[in-house]
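Heads up, run-v1.csv below (CSV, C-alpha atoms):
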chain,number,residue,atom,x,y,z
A,1,MET,CA,-19.4,9.9,69.7
A,2,MET,CA,-17.5,12.9,68.4
A,3,THR,CA,-19.3,16.1,67.4
A,4,PHE,CA,-17.7,19.2,66.0
A,5,PRO,CA,-18.7,22.9,65.9
A,6,GLY,CA,-20.9,23.7,62.9
A,7,GLU,CA,-22.3,20.3,62.4
A,8,GLU,CA,-25.7,21.3,63.6
A,9,ASP,CA,-26.0,24.2,61.1
A,10,ASP,CA,-24.4,22.6,58.1
A,11,PRO,CA,-24.6,18.8,57.5
A,12,PHE,CA,-21.8,19.1,54.9
A,13,PRO,CA,-19.3,21.7,56.2
A,14,ALA,CA,-16.4,22.6,54.0
A,15,ASP,CA,-14.1,22.1,57.0
A,16,ASP,CA,-14.7,18.6,58.4
A,17,GLY,CA,-13.6,19.7,61.8
A,18,LEU,CA,-11.0,17.0,62.3
A,19,PHE,CA,-8.4,19.6,63.2
A,20,SER,CA,-10.8,22.0,64.9
A,21,GLU,CA,-9.4,23.7,68.0
A,22,THR,CA,-12.6,22.8,69.8
A,23,PHE,CA,-14.3,19.4,69.9
A,24,SER,CA,-16.6,17.5,72.2
A,25,GLN,CA,-16.7,13.9,73.1
A,26,GLU,CA,-19.7,12.1,74.6
A,27,VAL,CA,-19.0,9.1,76.8
A,28,VAL,CA,-21.7,6.9,78.5
A,29,TYR,CA,-20.8,5.7,82.0
A,30,THR,CA,-22.7,3.1,83.9
A,31,LEU,CA,-22.4,3.8,87.6
A,32,MET,CA,-24.5,2.6,90.6
A,33,GLY,CA,-27.0,1.2,88.1
A,34,GLU,CA,-27.4,4.5,86.3
A,35,GLN,CA,-26.4,5.3,82.7
A,36,LEU,CA,-25.0,8.8,82.4
A,37,LYS,CA,-24.2,10.6,79.1
A,38,ILE,CA,-21.3,13.0,79.8
A,39,THR,CA,-20.0,15.4,77.2
A,40,GLN,CA,-16.5,16.7,77.6
A,41,VAL,CA,-15.6,19.9,75.7
A,42,PHE,CA,-11.9,20.1,74.8
A,43,GLY,CA,-10.0,23.1,73.6
A,44,ALA,CA,-12.7,25.6,74.7
A,45,ASN,CA,-10.5,27.2,77.3
A,46,LEU,CA,-12.0,24.9,79.9
A,47,GLY,CA,-8.7,23.4,80.8
A,48,VAL,CA,-9.0,21.0,83.7
A,49,ALA,CA,-12.8,21.4,83.8
A,50,ALA,CA,-13.1,19.6,80.4
A,51,PRO,CA,-12.5,15.9,81.1
A,52,VAL,CA,-13.9,13.3,83.4
A,53,TRP,CA,-11.0,12.6,85.8
A,54,GLU,CA,-10.3,9.2,87.2
A,55,ALA,CA,-10.8,10.5,90.7
A,56,ALA,CA,-14.5,11.2,89.9
A,57,LEU,CA,-15.0,7.6,88.8
A,58,HIS,CA,-13.2,6.4,91.9
A,59,LEU,CA,-15.5,8.3,94.2
A,60,CYS,CA,-18.6,7.0,92.4
A,61,ARG,CA,-17.3,3.4,92.7
A,62,TYR,CA,-16.4,3.9,96.3
A,63,TRP,CA,-20.0,4.9,97.1
A,64,GLU,CA,-21.2,1.9,95.2
A,65,ASP,CA,-18.9,-0.5,97.1
A,66,GLN,CA,-20.0,1.1,100.4
A,67,SER,CA,-23.7,0.9,99.4
A,68,VAL,CA,-24.0,4.6,100.3
A,69,ASN,CA,-27.6,5.8,100.2
A,70,LEU,CA,-27.7,9.3,98.7
A,71,LYS,CA,-31.5,9.6,98.5
A,72,GLY,CA,-32.7,12.8,100.1
A,73,LYS,CA,-29.2,14.0,100.9
A,74,ARG,CA,-28.3,17.7,100.3
A,75,ILE,CA,-25.1,17.7,98.3
A,76,ILE,CA,-22.8,20.4,97.0
A,77,GLU,CA,-20.0,19.5,94.5
A,78,LEU,CA,-17.0,21.8,94.3
A,79,GLY,CA,-15.1,22.2,91.0
A,80,ALA,CA,-17.7,20.0,89.4
A,81,GLY,CA,-16.2,20.2,85.9
A,82,THR,CA,-18.4,17.8,83.8
A,83,GLY,CA,-20.7,17.2,86.8
A,84,LEU,CA,-20.4,13.4,86.7
A,85,VAL,CA,-20.4,12.9,90.5
A,86,GLY,CA,-23.1,15.3,91.3
A,87,ILE,CA,-25.4,14.3,88.4
A,88,LEU,CA,-25.1,10.7,89.5
A,89,ALA,CA,-26.1,11.7,93.1
A,90,ALA,CA,-29.1,13.6,91.7
A,91,ARG,CA,-30.1,10.6,89.6
A,92,LEU,CA,-30.0,8.6,92.9
A,93,GLY,CA,-32.4,11.0,94.6
A,94,ALA,CA,-30.1,13.6,96.2
A,95,GLU,CA,-30.7,17.3,96.1
A,96,VAL,CA,-27.6,18.6,94.4
A,97,THR,CA,-25.9,21.9,93.7
A,98,LEU,CA,-23.1,21.8,91.2
A,99,THR,CA,-20.5,24.6,91.4
A,100,ASP,CA,-17.5,25.6,89.4
A,101,LEU,CA,-15.9,28.8,87.9
A,102,PRO,CA,-18.2,30.6,85.5
A,103,LEU,CA,-16.4,29.4,82.4
A,104,ALA,CA,-17.4,25.7,83.2
A,105,LEU,CA,-21.1,26.3,83.8
A,106,PRO,CA,-22.3,25.9,80.2
A,107,GLN,CA,-20.8,22.4,80.0
A,108,LEU,CA,-22.2,21.6,83.4
A,109,GLN,CA,-25.7,22.8,82.5
A,110,ALA,CA,-25.6,20.9,79.2
A,111,ASN,CA,-24.7,17.6,81.0
A,112,VAL,CA,-27.5,18.2,83.5
A,113,SER,CA,-30.0,18.6,80.7
A,114,ALA,CA,-28.6,15.6,78.8
A,115,ASN,CA,-29.2,13.3,81.9
A,116,THR,CA,-32.7,14.4,82.7
A,117,LEU,CA,-35.0,11.4,82.7
A,118,SER,CA,-38.2,11.5,80.8
A,119,SER,CA,-39.9,11.1,84.2
A,120,GLY,CA,-37.9,13.9,85.6
A,121,TRP,CA,-35.4,14.0,88.4
A,122,PRO,CA,-36.2,11.8,91.5
A,123,SER,CA,-35.8,14.7,93.8
A,124,ALA,CA,-34.9,17.9,92.0
A,125,GLU,CA,-32.9,19.0,89.0
A,126,PRO,CA,-29.4,19.9,90.0
A,127,ALA,CA,-28.7,23.6,90.4
A,128,VAL,CA,-25.7,24.9,88.6
A,129,LEU,CA,-24.0,27.9,90.2
A,130,PRO,CA,-20.7,29.8,90.1
A,131,LEU,CA,-18.5,29.5,93.2
A,132,SER,CA,-15.0,30.9,93.5
A,133,TRP,CA,-13.4,29.5,96.6
A,134,GLY,CA,-12.6,32.0,99.3
A,135,GLU,CA,-14.5,34.7,97.5
A,136,ASP,CA,-18.2,34.1,97.2
A,137,HIS,CA,-18.6,31.0,99.5
A,138,LEU,CA,-20.6,33.1,102.0
A,139,ASP,CA,-23.4,33.3,99.3
A,140,PHE,CA,-24.0,29.6,100.0
A,141,PRO,CA,-25.7,28.0,103.0
A,142,SER,CA,-24.0,25.7,105.5
A,143,ASN,CA,-26.8,23.1,105.8
A,144,TRP,CA,-25.4,20.4,103.5
A,145,ASP,CA,-25.2,16.7,104.2
A,146,LEU,CA,-22.3,16.1,102.0
A,147,VAL,CA,-19.7,18.3,100.3
A,148,VAL,CA,-17.8,16.5,97.5
A,149,GLY,CA,-14.9,17.1,95.1
A,150,ALA,CA,-13.0,15.0,92.6
A,151,ASP,CA,-9.4,15.9,91.6
A,152,ILE,CA,-9.7,19.5,92.8
A,153,ILE,CA,-6.5,19.5,94.8
A,154,TYR,CA,-3.8,20.6,92.3
A,155,LEU,CA,-3.1,24.4,92.7
A,156,PRO,CA,-1.3,25.1,96.0
A,157,GLU,CA,-2.2,28.7,95.9
A,158,THR,CA,-5.9,27.7,96.2
A,159,TYR,CA,-5.5,25.4,99.2
A,160,PRO,CA,-6.2,28.0,101.9
A,161,LEU,CA,-9.2,29.3,99.9
A,162,LEU,CA,-10.6,25.8,99.6
A,163,VAL,CA,-10.2,25.1,103.3
A,164,LYS,CA,-12.0,28.4,104.1
A,165,THR,CA,-14.8,27.5,101.7
A,166,LEU,CA,-15.1,24.0,103.1
A,167,ALA,CA,-15.2,25.3,106.7
A,168,HIS,CA,-18.2,27.5,105.8
A,169,LEU,CA,-20.1,24.9,103.9
A,170,CYS,CA,-19.6,22.3,106.8
A,171,LYS,CA,-20.6,24.6,109.7
A,172,ASP,CA,-23.8,22.6,110.3
A,173,GLY,CA,-22.1,19.2,110.3
A,174,ALA,CA,-21.7,18.2,106.6
A,175,ALA,CA,-19.2,15.5,105.8
A,176,VAL,CA,-16.6,16.1,103.1
A,177,TYR,CA,-15.6,13.5,100.5
A,178,LEU,CA,-12.5,14.4,98.4
A,179,SER,CA,-11.1,12.0,95.8
A,180,SER,CA,-7.7,12.9,94.6
A,181,LYS,CA,-4.9,11.7,92.5
A,182,MET,CA,-1.8,12.2,94.7
A,183,ARG,CA,0.5,14.3,92.6
A,184,LYS,CA,3.8,15.2,94.1
A,185,GLU,CA,4.4,18.0,91.7
A,186,HIS,CA,1.2,19.7,93.0
A,187,GLU,CA,1.9,18.9,96.6
A,188,THR,CA,-1.5,17.2,96.9
A,189,HIS,CA,-0.3,15.4,100.0
A,190,VAL,CA,0.4,18.7,101.7
A,191,PHE,CA,-3.2,19.7,101.4
A,192,PHE,CA,-4.4,16.5,103.1
A,193,GLU,CA,-1.6,16.4,105.7
A,194,GLN,CA,-1.4,20.1,106.7
A,195,PHE,CA,-4.1,22.4,105.2
A,196,LEU,CA,-7.2,20.3,105.7
A,197,PRO,CA,-6.3,19.0,109.2
A,198,SER,CA,-5.9,22.6,110.4
A,199,ARG,CA,-9.7,22.8,110.4
A,200,PHE,CA,-11.0,19.3,109.9
A,201,HIS,CA,-10.7,15.8,111.2
A,202,VAL,CA,-9.4,13.9,108.2
A,203,LYS,CA,-9.5,10.1,107.5
A,204,LEU,CA,-8.2,8.2,104.5
A,205,VAL,CA,-11.0,5.8,103.6
A,206,HIS,CA,-9.8,4.3,100.4
A,207,ARG,CA,-6.5,4.1,98.4
A,208,ASP,CA,-6.0,2.8,94.9
A,209,GLU,CA,-2.3,2.0,94.6
A,210,LYS,CA,-2.4,1.4,90.9
A,211,GLN,CA,-4.0,4.7,90.1
A,212,ASN,CA,-2.3,6.5,93.0
A,213,ASN,CA,-5.8,7.8,94.0
A,214,ASN,CA,-6.9,8.5,97.5
A,215,ILE,CA,-10.4,9.2,98.9
A,216,TYR,CA,-10.7,11.1,102.1
A,217,ARG,CA,-13.6,11.8,104.5
A,218,ALA,CA,-13.4,14.9,106.6
A,219,CYS,CA,-15.5,16.6,109.3
A,220,LEU,CA,-15.1,20.1,110.6
A,221,ARG,CA,-13.4,20.3,114.0
A,222,THR,CA,-15.7,21.8,116.6
A,223,GLU,CA,-14.4,24.8,118.5
A,224,GLU,CA,-12.9,23.8,121.8
Just dump the structure as structure tokens.
Amino acid sequence: MMTFPGEEDDPFPADDGLFSETFSQEVVYTLMGEQLKITQVFGANLGVAAPVWEAALHLCRYWEDQSVNLKGKRIIELGAGTGLVGILAARLGAEVTLTDLPLALPQLQANVSANTLSSGWPSAEPAVLPLSWGEDHLDFPSNWDLVVGADIIYLPETYPLLVKTLAHLCKDGAAVYLSSKMRKEHETHVFFEQFLPSRFHVKLVHRDEKQNNNIYRACLRTEE
């Protein structure tokens, strides 16, 4: 379903919006038995936060294939974008915090609201909070069960900041799941082969050759 700015105010706008700079697209995904309505806002300066990336779908399907039980888990999603992964986890009973840069938060909050069941959330409504890696990570606790991210490894200058943030969030033993398209031009492999292993034990748990997508599980190294 496509909607365009102005439609809510004027059912017959002079400009039909077909060439509008900003438009939204709602897609319904069925994952792990849940139907999620996810709106993606394009052209609103959201950039990479706008779409649902394949890596997010890969992570959800991996959890399904592994029969992962998320009920009661405390989960924080980094670079959540549309919030697909975290919202699915919340619908399955997890206590979820969705984070991204401030610009992406309205889209995240809208998707949380759109996926609230009439009976409410099984555990709690996902929290939506700003988090800039390496800057305000200390404002967040370290007592998570899972830290997740989908296609957030693409800017080499952010790699040290992300590792620093992950190390703080995982101090109390959280496991990390990162699903990434392995882009040579972004040196994605360098993050998983050099940056992340500097602080974490890292294991490749799934690879999709066709989509060139890897899923890694990582745990913080204990001080020796």
Neighbour list for Ala174 of chain A as a PDB file with C-alpha atoms, keeping the file's coordinate frame, cut-off 8 Å, only C-alpha atoms, skip fewer than 6 positions in-chain:
ATOM      1  CA  SER A 142     -24.000  25.700 105.500  1.00  0.00           C
ATOM      2  CA  ASN A 143     -26.800  23.100 105.800  1.00  0.00           C
ATOM      3  CA  TRP A 144     -25.400  20.400 103.500  1.00  0.00           C
ATOM      4  CA  ASP A 145     -25.200  16.700 104.200  1.00  0.00           C
ATOM      5  CA  LEU A 146     -22.300  16.100 102.000  1.00  0.00           C
ATOM      6  CA  VAL A 147     -19.700  18.300 100.300  1.00  0.00           C
ATOM      7  CA  CYS A 219     -15.500  16.600 109.300  1.00  0.00           C
ATOM      8  CA  LEU A 220     -15.100  20.100 110.600  1.00  0.00           C
TER       9      LEU A 220
END
Please return the centre and edge lengths, in Å to one decimal, of a box with edges along x, y and z that contains all listed atoms of segment 112-128 of chain A, widened by 8 Å on every side, as JSON.
{"center_x": -32.8, "center_y": 18.0, "center_z": 86.3, "size_x": 30.2, "size_y": 29.8, "size_z": 31.0}
*Closest of A:Glu26, A:Asp139, A:Asp151, A:Asp65 to Trp53 of chain A - atom-to-atom distances counting only C-alpha atoms*: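 With only C-alpha atoms as the atom set, the closest residue is A:Asp151.
Considering all atoms listed in the file, the residue among A:Asn111, A:Phe192, A:Gly72, A:Thr82 positioned nearest to Ala94 of chain A is A:Gly72.
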*Minimum-distance residue to Val148 of chain A, chosen among A:Leu101, A:Val128, A:Val96, A:Ala110 (using only C-alpha atoms)*: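 Among A:Leu101, A:Val128, A:Val96, A:Ala110, it is A:Val96 that comes nearest to Val148 of chain A.
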